[in-house]
Structure formats: structure tokens, C-alpha cells
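Since the structure comes first, as C-alpha cells, the remarks are kept for the end.
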Amino acid sequence: MNTVRRGAAALAAATVLLGTGAAGAAVAAPAAPSPSAVTIPPGLYGTKDPTYDGVWRQSLAFLAQRATGFQPSDQAIGWLLDQQCDDGSFSSYRADAKAPCDAKTMRDTNATALAVQALRAVRKQSTFPEKVDKAVTSGTDWLRTVQNKDGGWGYSAGGASDANSTSVVVGALAATGVRPGSFTSAEGRTPYDALLTFTLPCSDKAGAGAFAYQPDKTGKLLANADATAAATLAGLGKSVVATKASPEQPPVCNDLSKPTIERAALNGASYLAKAVAKTGHLALPPMPGATDTSEQPDVGNTADAVVALAASGAAKEAKPALEWLEKNSAAWAKEGGPAAYAQLILAARATDTDPREFGTADLVEQLNATGPEPKTPDTSASSTSDDEGGLGFDLWWIIGIGMVVGVGIGFLVSGRKK
């Protein structure tokens, strides 16, 4: 999960994701309308045009606030609930939430999935839990109706599956206590089946262990750091609110004769670790036709990589990137607004770093200032695990993560012998 929105790059489902993340392939998006021409509705976080990221930034802000013990205001939660269509889906943003969604309304799987996760996270302390529960259920049900034959999801309903969108949905399923492996298409394919089709082998010199966003026009898979960060978390059964895994283990890349999603996730962590090792950050690819081909830091994707590395047991390898973010992210966060602050908060939390003392910044205060004042902080929430963020992890997840750790340690020993 963007420079600032993992899916915001898919403007009108035509552009690939911008650096969240989320998601996201770093292709320049068309310029959005000037913020001065847009009236920001009450309850929405941020001051910029929400056309392409309103629901996304609201949802990400909720997750970061819950992760630090704050509960969004009822007004903010109400705004997000009003954005939902009657069929359970969400668009990136609906200026007139009272108007019914019709055939022309562009449903957004990324926005829907993250909204489902965010609403689940704020349910406990909301004043209308029944309404929130209904929204979560209908959102999850809609995602099932638009699952592709290969088990994955595209940015828009019916679009070709991509690693980022599929991973965001996996996070939402985990948040609602649904086993992603049981969420099958009519053809019996799971989200993990789809994700495995985007993996690059360890023998690939340029992208060993990485995930691609999608195959290119020729069917070739190209390493994509944003897709890798997202899919690494999804492969571990986690989402953007993941915390540091224990025990820690250096990430290594090993292929299996019969690929598993757990091994693919650990391979993804290996790719990310190498990608940030030299400079402490990921880089944006040069824009098509650009004369300046100098490397530009990708702050959002670097934050996502920190979460993915920590969640895979590679917090040590994530530390240089986190330190780079502490020194270099302030201007980017100020420009990006609520989603950017949220990404940094989640990166700090994943590495047991205090987001209130992130370099010289208090990220929590800065995020809270971008929207309606949240409710009194819950001191018990900031130190809890993923479950407080709504990730109802059950025994299945505990067993699954144990398997991941076991597989990783086994391959680590094997690698050292070699």
C-alpha cells in the first residue's frame, strides 16, 4: 500500500499505481483538478482534491490512528460510510454521496478493500457498530462478486488481476477474519494462486525474488518494488498494519520445485532488502521521455518496504530505510497529507519506533491535524498487535506464520551450507 495512494495511479482504471505503494508501478498520473476548485466535505481528511484518493486516504488515516490509540470522530467515520454504494463497493470518491451509484459509477477494488479494513478497525469504539458491521460485510461480499477467474483482482471490477490490488484485498480479508486461501473464484482459484503468477525466480538477475505488478505486453514479468512490498505482506497473511515478526531472520531467496506463497513472500523480502541496502531507500523509475534520468527517491514505497521487511522478520534490514525516512520524509509527508503521514506512522510502528518522535516530527499530531479531531486516545491500543487494528487473526494465522518462519529458517540453513 503510493506516492501517496497505492491505487491512485490507476486514475480511471487506466494508469498503473503510483509508488504505496499499493500498491503501486510509478507512472505519472494526469494532473488532478486544482484544490482551489474543490470543496472538501466535512469529515474528510486532507485539503487536496479527493477525486482519486478520498476513500483511500481516509481509510489509511483511520488505520494509522487506531494503531496509535486514537479513534476517528463519528463525523469522519460517517463520511466514509456514506461513500459506500448500495452494492457494498466504494469508488475512489463520490462528490455527491446522496446520489445512488449506477452503471457509470467506477467501482474501485482498492478503495473498497482498504475501507473494509479501516471500518473493521474502528468498529469497537464507534457509536454505530451495527452500521459499520453491515458496511464491512457488504464490502467483503462485493469483493467476492468481482474476483477474477485466476483468484485475483484488478483495480476496477473485471480488470486484469494485478499484484497490488490482489494484495490489498488479502489484507481486507485478513482484517475481517476470512482465510484468503478459502476465498476462491468459481474456478477454485485463490488470491494466493494469482499472486504466485507474478513472482520472479531467484535466478532472475535484475529482480530475484520480486513480484511484478502485471505481465507486460509481451507477457514478461518485471520486478516492481511497490508490488513486491504489497505482495510480501499479503503472502504472510498480513496487511499494512503489520508489526515486527519474531524471531528475526535474514531474508534469503530460494526457489521451491513446488512454489508456496510463504516462500514467495520471503523471496520478496529478500528482493526488498537488497533494493534498499545501498542507499537506504527505493527509487522511482525515470518517467517515459524524461531527459533527466537521475534517480529520484520513492518515499512512499520505501515506507511500505519497511513494513514488509519488518513483518517478514527482517527488521534489521529495514533499519537503514527507516533511518533514511526519519531524515528525508518531512517535505514529502507535508505535501502528501494524511495518507503520507499514515504510511510513515505504520512504518514506524512496524519497527517498534515511536511515531511521535520520528526524526524531528510528531507524525501522530500531524496526521490528526489533517482531519476532524479524533476521540481521546486509548492508551491500551498503541502497543497492541494487529488484532487491535481489526485483523482478527485466529489460530489459522498463527499456524500459517509459524510455517513461514520454519520455512525461512530451513532455507537459511540450506543457503549457508551452500
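Quick note on naming: the chains in the C-alpha cells go A, B, ... in the order shown, residues restart at 1 in each chain, and ligands are numbered from 1 in order of appearance.
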
Identify, with DSSP run on backbone atoms, the residues in stretch 92-319 of chain A assigned to strand (DSSP E), and express the list as a PDB file with N, CA, C and O atoms, in the first residue's frame.
ATOM      1  N   LEU A 282      14.162   3.207  -1.749  1.00  0.00           N
ATOM      2  CA  LEU A 282      13.823   2.767  -3.092  1.00  0.00           C
ATOM      3  C   LEU A 282      13.803   3.982  -4.007  1.00  0.00           C
ATOM      4  O   LEU A 282      13.754   5.131  -3.538  1.00  0.00           O
ATOM      5  N   ALA A 283      13.850   3.740  -5.306  1.00  0.00           N
ATOM      6  CA  ALA A 283      13.899   4.842  -6.258  1.00  0.00           C
ATOM      7  C   ALA A 283      12.776   4.746  -7.267  1.00  0.00           C
ATOM      8  O   ALA A 283      12.327   3.651  -7.635  1.00  0.00           O
ATOM      9  N   LEU A 284      12.311   5.900  -7.712  1.00  0.00           N
ATOM     10  CA  LEU A 284      11.315   5.959  -8.760  1.00  0.00           C
ATOM     11  C   LEU A 284      11.997   5.735 -10.104  1.00  0.00           C
ATOM     12  O   LEU A 284      13.070   6.286 -10.352  1.00  0.00           O
ATOM     13  N   GLN A 296      15.485   9.295  -8.465  1.00  0.00           N
ATOM     14  CA  GLN A 296      14.702  10.056  -7.506  1.00  0.00           C
ATOM     15  C   GLN A 296      14.166   9.126  -6.425  1.00  0.00           C
ATOM     16  O   GLN A 296      13.602   8.076  -6.729  1.00  0.00           O
ATOM     17  N   PRO A 297      14.329   9.478  -5.163  1.00  0.00           N
ATOM     18  CA  PRO A 297      13.843   8.612  -4.080  1.00  0.00           C
ATOM     19  C   PRO A 297      12.332   8.423  -4.138  1.00  0.00           C
ATOM     20  O   PRO A 297      11.588   9.340  -4.470  1.00  0.00           O
ATOM     21  N   ASP A 298      11.897   7.226  -3.822  1.00  0.00           N
ATOM     22  CA  ASP A 298      10.477   6.905  -3.732  1.00  0.00           C
ATOM     23  C   ASP A 298      10.150   6.730  -2.251  1.00  0.00           C
ATOM     24  O   ASP A 298      10.312   5.645  -1.694  1.00  0.00           O
TER      25      ASP A 298
END

Per-residue nearest contacts of stretch 42-130 of chain A to stretch 365-378 of chain A (12 Å; only C-alpha atoms) as JSON lines:
{"residue": "A:Pro42", "atom": "CA", "partner": "A:Pro372", "partner_atom": "CA", "distance": 8.1}
{"residue": "A:Gly43", "atom": "CA", "partner": "A:Pro372", "partner_atom": "CA", "distance": 6.0}
{"residue": "A:Leu44", "atom": "CA", "partner": "A:Gly371", "partner_atom": "CA", "distance": 6.3}
{"residue": "A:Tyr45", "atom": "CA", "partner": "A:Gly371", "partner_atom": "CA", "distance": 4.2}
{"residue": "A:Gly46", "atom": "CA", "partner": "A:Thr370", "partner_atom": "CA", "distance": 5.1}
{"residue": "A:Thr47", "atom": "CA", "partner": "A:Thr370", "partner_atom": "CA", "distance": 7.6}
{"residue": "A:Lys48", "atom": "CA", "partner": "A:Thr370", "partner_atom": "CA", "distance": 10.6}
{"residue": "A:Arg57", "atom": "CA", "partner": "A:Thr370", "partner_atom": "CA", "distance": 10.7}
{"residue": "A:Gln58", "atom": "CA", "partner": "A:Gly371", "partner_atom": "CA", "distance": 9.0}
{"residue": "A:Leu60", "atom": "CA", "partner": "A:Leu367", "partner_atom": "CA", "distance": 10.5}
{"residue": "A:Ala61", "atom": "CA", "partner": "A:Leu367", "partner_atom": "CA", "distance": 7.3}
{"residue": "A:Phe62", "atom": "CA", "partner": "A:Pro374", "partner_atom": "CA", "distance": 9.7}
{"residue": "A:Leu63", "atom": "CA", "partner": "A:Leu367", "partner_atom": "CA", "distance": 11.3}
{"residue": "A:Ala64", "atom": "CA", "partner": "A:Leu367", "partner_atom": "CA", "distance": 8.6}
{"residue": "A:Gln65", "atom": "CA", "partner": "A:Asn368", "partner_atom": "CA", "distance": 7.8}
{"residue": "A:Arg66", "atom": "CA", "partner": "A:Asp378", "partner_atom": "CA", "distance": 8.7}
{"residue": "A:Ala67", "atom": "CA", "partner": "A:Asp378", "partner_atom": "CA", "distance": 10.0}
{"residue": "A:Thr68", "atom": "CA", "partner": "A:Pro377", "partner_atom": "CA", "distance": 7.9}
{"residue": "A:Gly69", "atom": "CA", "partner": "A:Asp378", "partner_atom": "CA", "distance": 4.7}
{"residue": "A:Phe70", "atom": "CA", "partner": "A:Pro377", "partner_atom": "CA", "distance": 4.3}
{"residue": "A:Gln71", "atom": "CA", "partner": "A:Lys375", "partner_atom": "CA", "distance": 5.2}
{"residue": "A:Pro72", "atom": "CA", "partner": "A:Pro374", "partner_atom": "CA", "distance": 4.5}
{"residue": "A:Ser73", "atom": "CA", "partner": "A:Pro374", "partner_atom": "CA", "distance": 4.8}
{"residue": "A:Asp74", "atom": "CA", "partner": "A:Pro374", "partner_atom": "CA", "distance": 8.6}
{"residue": "A:Gln75", "atom": "CA", "partner": "A:Pro372", "partner_atom": "CA", "distance": 7.4}
{"residue": "A:Ala76", "atom": "CA", "partner": "A:Pro372", "partner_atom": "CA", "distance": 6.5}
{"residue": "A:Ile77", "atom": "CA", "partner": "A:Pro372", "partner_atom": "CA", "distance": 10.1}
{"residue": "A:Gly78", "atom": "CA", "partner": "A:Pro372", "partner_atom": "CA", "distance": 11.5}
{"residue": "A:Trp79", "atom": "CA", "partner": "A:Pro372", "partner_atom": "CA", "distance": 10.9}
{"residue": "A:Val122", "atom": "CA", "partner": "A:Lys375", "partner_atom": "CA", "distance": 11.3}
{"residue": "A:Lys124", "atom": "CA", "partner": "A:Asp378", "partner_atom": "CA", "distance": 11.6}
{"residue": "A:Gln125", "atom": "CA", "partner": "A:Lys375", "partner_atom": "CA", "distance": 9.4}
{"residue": "A:Ser126", "atom": "CA", "partner": "A:Lys375", "partner_atom": "CA", "distance": 10.0}
{"residue": "A:Thr127", "atom": "CA", "partner": "A:Lys375", "partner_atom": "CA", "distance": 11.6}

Would you mind exporting the chosen residues as a short mmCIF file (atom, residue, chain, number, x, y, z; two decimals), in the first residue's frame, restricted to N, CA and C atoms?
data_model
loop_
_atom_site.label_atom_id
_atom_site.label_comp_id
_atom_site.auth_asym_id
_atom_site.auth_seq_id
_atom_site.Cartn_x
_atom_site.Cartn_y
_atom_site.Cartn_z
N PRO A 42 -17.13 18.08 4.93
CA PRO A 42 -16.86 17.87 6.35
C PRO A 42 -16.65 16.38 6.65
N GLY A 43 -15.66 16.11 7.47
CA GLY A 43 -15.39 14.73 7.85
C GLY A 43 -14.25 14.10 7.08
N LEU A 44 -13.88 14.67 5.93
CA LEU A 44 -12.81 14.09 5.11
C LEU A 44 -11.45 14.62 5.53
N TYR A 45 -10.47 13.74 5.59
CA TYR A 45 -9.10 14.14 5.92
C TYR A 45 -8.42 14.76 4.70
N GLY A 46 -7.57 15.74 4.96
CA GLY A 46 -6.79 16.36 3.90
C GLY A 46 -7.48 17.56 3.28
N THR A 47 -6.71 18.34 2.53
CA THR A 47 -7.23 19.56 1.92
C THR A 47 -7.16 19.53 0.40
N LYS A 48 -6.59 18.49 -0.17
CA LYS A 48 -6.42 18.43 -1.61
C LYS A 48 -7.59 17.71 -2.28
N ARG A 57 -7.29 7.69 1.32
CA ARG A 57 -6.57 8.45 2.36
C ARG A 57 -7.34 8.46 3.67
N GLN A 58 -8.67 8.46 3.58
CA GLN A 58 -9.48 8.40 4.80
C GLN A 58 -9.25 7.07 5.52
N LEU A 60 -6.70 4.92 5.21
CA LEU A 60 -5.34 4.77 5.70
C LEU A 60 -5.14 5.60 6.97
N ALA A 61 -5.76 6.77 7.02
CA ALA A 61 -5.68 7.60 8.22
C ALA A 61 -6.31 6.89 9.41
N PHE A 62 -7.46 6.24 9.19
CA PHE A 62 -8.12 5.51 10.27
C PHE A 62 -7.20 4.42 10.82
N LEU A 63 -6.57 3.66 9.93
CA LEU A 63 -5.71 2.56 10.36
C LEU A 63 -4.53 3.06 11.17
N ALA A 64 -3.94 4.17 10.75
CA ALA A 64 -2.81 4.72 11.49
C ALA A 64 -3.25 5.28 12.84
N GLN A 65 -4.43 5.88 12.88
CA GLN A 65 -4.92 6.41 14.15
C GLN A 65 -5.22 5.28 15.14
N ARG A 66 -5.84 4.24 14.67
CA ARG A 66 -6.12 3.13 15.58
C ARG A 66 -4.82 2.47 16.04
N ALA A 67 -3.83 2.43 15.17
CA ALA A 67 -2.55 1.83 15.53
C ALA A 67 -1.83 2.64 16.60
N THR A 68 -2.19 3.91 16.75
CA THR A 68 -1.56 4.76 17.76
C THR A 68 -2.52 5.09 18.89
N GLY A 69 -3.65 4.39 18.95
CA GLY A 69 -4.54 4.53 20.09
C GLY A 69 -5.64 5.55 19.94
N PHE A 70 -5.75 6.22 18.80
CA PHE A 70 -6.80 7.22 18.60
C PHE A 70 -7.99 6.61 17.88
N GLN A 71 -9.16 7.12 18.17
CA GLN A 71 -10.39 6.70 17.49
C GLN A 71 -10.89 7.87 16.65
N PRO A 72 -11.06 7.66 15.34
CA PRO A 72 -11.58 8.74 14.49
C PRO A 72 -12.94 9.21 14.99
N SER A 73 -13.25 10.45 14.69
CA SER A 73 -14.52 11.01 15.12
C SER A 73 -15.68 10.33 14.39
N ASP A 74 -16.86 10.42 14.97
CA ASP A 74 -18.04 9.85 14.33
C ASP A 74 -18.30 10.53 12.98
N GLN A 75 -17.98 11.82 12.91
CA GLN A 75 -18.18 12.55 11.65
C GLN A 75 -17.30 11.95 10.55
N ALA A 76 -16.05 11.65 10.89
CA ALA A 76 -15.12 11.08 9.91
C ALA A 76 -15.58 9.69 9.48
N ILE A 77 -16.00 8.87 10.45
CA ILE A 77 -16.47 7.53 10.12
C ILE A 77 -17.75 7.60 9.29
N GLY A 78 -18.62 8.53 9.64
CA GLY A 78 -19.86 8.71 8.90
C GLY A 78 -19.60 9.09 7.46
N TRP A 79 -18.58 9.93 7.23
CA TRP A 79 -18.25 10.31 5.85
C TRP A 79 -17.85 9.08 5.04
N VAL A 122 -12.14 0.46 13.26
CA VAL A 122 -12.74 1.48 14.13
C VAL A 122 -14.06 1.01 14.74
N LYS A 124 -15.01 -1.15 17.13
CA LYS A 124 -15.18 -1.34 18.57
C LYS A 124 -15.61 -0.08 19.30
N GLN A 125 -15.00 1.04 18.93
CA GLN A 125 -15.25 2.27 19.66
C GLN A 125 -16.15 3.25 18.92
N SER A 126 -16.78 2.80 17.84
CA SER A 126 -17.70 3.68 17.13
C SER A 126 -19.04 3.68 17.87
N THR A 127 -19.84 4.69 17.59
CA THR A 127 -21.15 4.77 18.26
C THR A 127 -22.24 4.09 17.44
#

Proximity to A:Phe358 - best of A:Thr140, A:Ser329, A:Thr197, A:Gln249, only C-alpha atoms: A:Ser329

Residues within 6 Å of A:Gly235, only C-alpha atoms, excluding chain neighbours under 2 positions, as JSON, numbers by chain: {"A": [231, 232, 233, 237, 261, 262, 265]}

Closest of A:Pro355, A:Pro191, A:Gly54, A:Gly336 to A:Trp153 - atom-to-atom distances counting only C-alpha atoms: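 Checking each candidate against A:Trp153, we get A:Pro191 as the closest.
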
Computed interatomic separation between atom CA of A:Gly152 and atom CA of A:Ser167 (Å): 8.6 Å

Between atom CA of A:Asp162 and atom CA of A:Ala135, distance in Å (one decimal):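 It comes out at 25.0 Å.
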
Top pick for closest residue to A:Pro215, considering A:Ser161, A:Ala308, A:Gly171, A:Gly181 and counting only C-alpha atoms: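 Between A:Ser161, A:Ala308, A:Gly171, A:Gly181, the residue approaching A:Pro215 most closely is A:Ser161.
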
Proximity to A:Thr184 - best of A:Gln214, A:Thr360, A:Thr145, A:Thr353, only C-alpha atoms: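 Of all the options, A:Thr145 lies closest to A:Thr184.
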
Gap from atom CA of A:Ala223 to atom CA of A:Gly268 - Å, one decimal: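 Separation of atom CA of A:Ala223 and atom CA of A:Gly268: 9.9 Å.
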
Non-local contacts of A:Leu143 (10 Å; only C-alpha atoms; under 6 positions in same chain excluded) as an NGL selection string: :A and (88-89 or 108-110 or 112-113 or 153 or 157 or 169 or 172-173 or 183)

Could you turn the residues from that selection into a file that holds N, CA and C atoms, as a compact mmCIF listing (two decimals), in the first residue's frame?
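And here's again_12.txt as it stands now:
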# COMPACT_ATOMS: atom_id res chain seq x y z
N GLY A 88 -22.27 -2.44 -1.84
CA GLY A 88 -21.14 -2.72 -0.95
C GLY A 88 -19.82 -2.19 -1.43
N SER A 89 -19.75 -1.76 -2.68
CA SER A 89 -18.49 -1.27 -3.23
C SER A 89 -18.24 0.19 -2.86
N ASP A 108 -14.05 0.72 -7.25
CA ASP A 108 -12.60 0.66 -7.02
C ASP A 108 -12.32 -0.45 -6.00
N THR A 109 -11.70 -1.54 -6.45
CA THR A 109 -11.44 -2.65 -5.53
C THR A 109 -10.46 -2.27 -4.43
N ASN A 110 -9.48 -1.41 -4.75
CA ASN A 110 -8.51 -0.99 -3.75
C ASN A 110 -9.17 -0.17 -2.65
N THR A 112 -12.34 -0.12 -1.92
CA THR A 112 -13.28 -0.96 -1.19
C THR A 112 -12.57 -1.81 -0.15
N ALA A 113 -11.48 -2.44 -0.55
CA ALA A 113 -10.76 -3.32 0.37
C ALA A 113 -10.20 -2.55 1.56
N TRP A 153 -7.60 -9.85 -8.26
CA TRP A 153 -8.42 -8.68 -8.55
C TRP A 153 -7.61 -7.66 -9.35
N ALA A 157 -13.47 -3.44 -11.25
CA ALA A 157 -14.18 -4.71 -11.41
C ALA A 157 -14.04 -5.21 -12.83
N VAL A 169 -6.73 -6.58 -1.21
CA VAL A 169 -7.91 -7.37 -0.86
C VAL A 169 -7.56 -8.44 0.16
N ALA A 172 -7.69 -6.98 3.48
CA ALA A 172 -9.07 -6.78 3.95
C ALA A 172 -9.68 -8.09 4.43
N LEU A 173 -9.39 -9.17 3.74
CA LEU A 173 -9.92 -10.46 4.16
C LEU A 173 -9.36 -10.83 5.53
N PHE A 183 -11.04 -18.06 0.03
CA PHE A 183 -11.80 -17.09 -0.77
C PHE A 183 -11.53 -17.41 -2.24

Within 12 Å of A:Phe90 using only C-alpha atoms, minus same-chain residues under 5 positions, as a tab-separated table (two decimals) with N, CA and C atoms, in the first residue's frame:
chain	number	residue	atom	x	y	z
A	52	TYR	N	-9.33	11.20	-6.69
A	52	TYR	CA	-8.70	9.90	-6.93
A	52	TYR	C	-8.26	9.17	-5.67
A	53	ASP	N	-8.37	9.82	-4.52
A	53	ASP	CA	-7.87	9.14	-3.32
A	53	ASP	C	-8.66	9.42	-2.05
A	54	GLY	N	-9.85	9.97	-2.17
A	54	GLY	CA	-10.61	10.34	-0.97
A	54	GLY	C	-10.83	9.19	-0.01
A	55	VAL	N	-11.38	8.09	-0.50
A	55	VAL	CA	-11.65	6.94	0.35
A	55	VAL	C	-10.35	6.30	0.82
A	56	TRP	N	-9.37	6.26	-0.06
A	56	TRP	CA	-8.08	5.64	0.28
A	56	TRP	C	-7.41	6.38	1.44
A	59	SER	N	-9.27	6.00	4.75
A	59	SER	CA	-9.11	4.67	5.33
A	59	SER	C	-7.72	4.47	5.91
A	80	LEU	N	-17.04	8.22	5.63
A	80	LEU	CA	-16.60	7.03	4.90
A	80	LEU	C	-17.77	6.08	4.65
A	81	LEU	N	-18.63	5.90	5.62
A	81	LEU	CA	-19.80	5.04	5.43
A	81	LEU	C	-20.70	5.55	4.31
A	82	ASP	N	-20.85	6.88	4.22
A	82	ASP	CA	-21.71	7.46	3.20
A	82	ASP	C	-21.15	7.29	1.79
A	83	GLN	N	-19.87	7.03	1.70
A	83	GLN	CA	-19.24	6.85	0.39
A	83	GLN	C	-19.56	5.49	-0.23
A	84	GLN	N	-20.05	4.55	0.57
A	84	GLN	CA	-20.30	3.21	0.07
A	84	GLN	C	-21.55	3.14	-0.80
A	85	CYS	N	-21.42	2.41	-1.89
A	85	CYS	CA	-22.58	2.17	-2.77
A	85	CYS	C	-23.48	1.11	-2.14
A	97	ALA	N	-22.58	11.96	-2.39
A	97	ALA	CA	-22.81	10.64	-1.79
A	97	ALA	C	-24.28	10.30	-1.68
A	100	PRO	N	-27.47	7.83	-5.95
A	100	PRO	CA	-27.22	6.38	-6.00
A	100	PRO	C	-26.14	6.03	-7.01
A	101	CYS	N	-25.39	4.99	-6.71
A	101	CYS	CA	-24.38	4.52	-7.65
A	101	CYS	C	-25.11	3.85	-8.81
A	105	THR	N	-20.84	4.54	-12.37
A	105	THR	CA	-20.00	4.70	-11.18
A	105	THR	C	-18.84	3.73	-11.25
A	106	MET	N	-17.63	4.24	-11.16
A	106	MET	CA	-16.45	3.40	-11.27
A	106	MET	C	-16.11	2.79	-9.92
A	107	ARG	N	-16.40	1.52	-9.76
A	107	ARG	CA	-16.08	0.82	-8.52
A	107	ARG	C	-14.58	0.58	-8.42
A	108	ASP	N	-14.05	0.72	-7.25
A	108	ASP	CA	-12.60	0.66	-7.02
A	108	ASP	C	-12.32	-0.45	-6.00
A	109	THR	N	-11.70	-1.54	-6.45
A	109	THR	CA	-11.44	-2.65	-5.53
A	109	THR	C	-10.46	-2.27	-4.43
A	110	ASN	N	-9.48	-1.41	-4.75
A	110	ASN	CA	-8.51	-0.99	-3.75
A	110	ASN	C	-9.17	-0.17	-2.65
A	111	ALA	N	-9.98	0.82	-3.07
A	111	ALA	CA	-10.68	1.65	-2.10
A	111	ALA	C	-11.64	0.81	-1.27
A	112	THR	N	-12.34	-0.12	-1.92
A	112	THR	CA	-13.28	-0.96	-1.19
A	112	THR	C	-12.57	-1.81	-0.15
A	113	ALA	N	-11.48	-2.44	-0.55
A	113	ALA	CA	-10.76	-3.32	0.37
A	113	ALA	C	-10.20	-2.55	1.56
A	114	LEU	N	-9.58	-1.40	1.31
A	114	LEU	CA	-8.99	-0.65	2.41
A	114	LEU	C	-10.07	-0.06	3.31
A	115	ALA	N	-11.18	0.35	2.72
A	115	ALA	CA	-12.29	0.87	3.53
A	115	ALA	C	-12.85	-0.22	4.43
A	116	VAL	N	-12.98	-1.43	3.91
A	116	VAL	CA	-13.44	-2.55	4.72
A	116	VAL	C	-12.51	-2.77	5.91
A	135	ALA	N	-21.60	-2.48	6.74
A	135	ALA	CA	-20.74	-1.96	5.67
A	135	ALA	C	-19.58	-2.91	5.38
A	136	VAL	N	-18.99	-3.46	6.44
A	136	VAL	CA	-17.88	-4.39	6.28
A	136	VAL	C	-18.33	-5.66	5.56
A	138	SER	N	-21.02	-6.12	3.59
A	138	SER	CA	-21.42	-5.88	2.21
A	138	SER	C	-20.21	-5.58	1.33
A	139	GLY	N	-19.20	-4.91	1.89
A	139	GLY	CA	-17.99	-4.64	1.13
A	139	GLY	C	-17.24	-5.92	0.80
A	140	THR	N	-17.14	-6.81	1.77
A	140	THR	CA	-16.47	-8.09	1.55
A	140	THR	C	-17.25	-8.94	0.55
A	142	TRP	N	-19.11	-7.85	-1.86
A	142	TRP	CA	-18.92	-7.29	-3.21
A	142	TRP	C	-17.58	-7.71	-3.79
A	143	LEU	N	-16.55	-7.71	-2.97
A	143	LEU	CA	-15.24	-8.13	-3.45
A	143	LEU	C	-15.29	-9.57	-3.96
A	155	TYR	N	-7.67	-3.37	-10.54
A	155	TYR	CA	-8.05	-2.12	-9.88
A	155	TYR	C	-9.55	-1.87	-9.95
A	156	SER	N	-10.12	-2.12	-11.11
A	156	SER	CA	-11.56	-1.97	-11.27
A	156	SER	C	-12.20	-3.33	-11.50
A	157	ALA	N	-13.47	-3.44	-11.25
A	157	ALA	CA	-14.18	-4.71	-11.41
A	157	ALA	C	-14.04	-5.21	-12.83
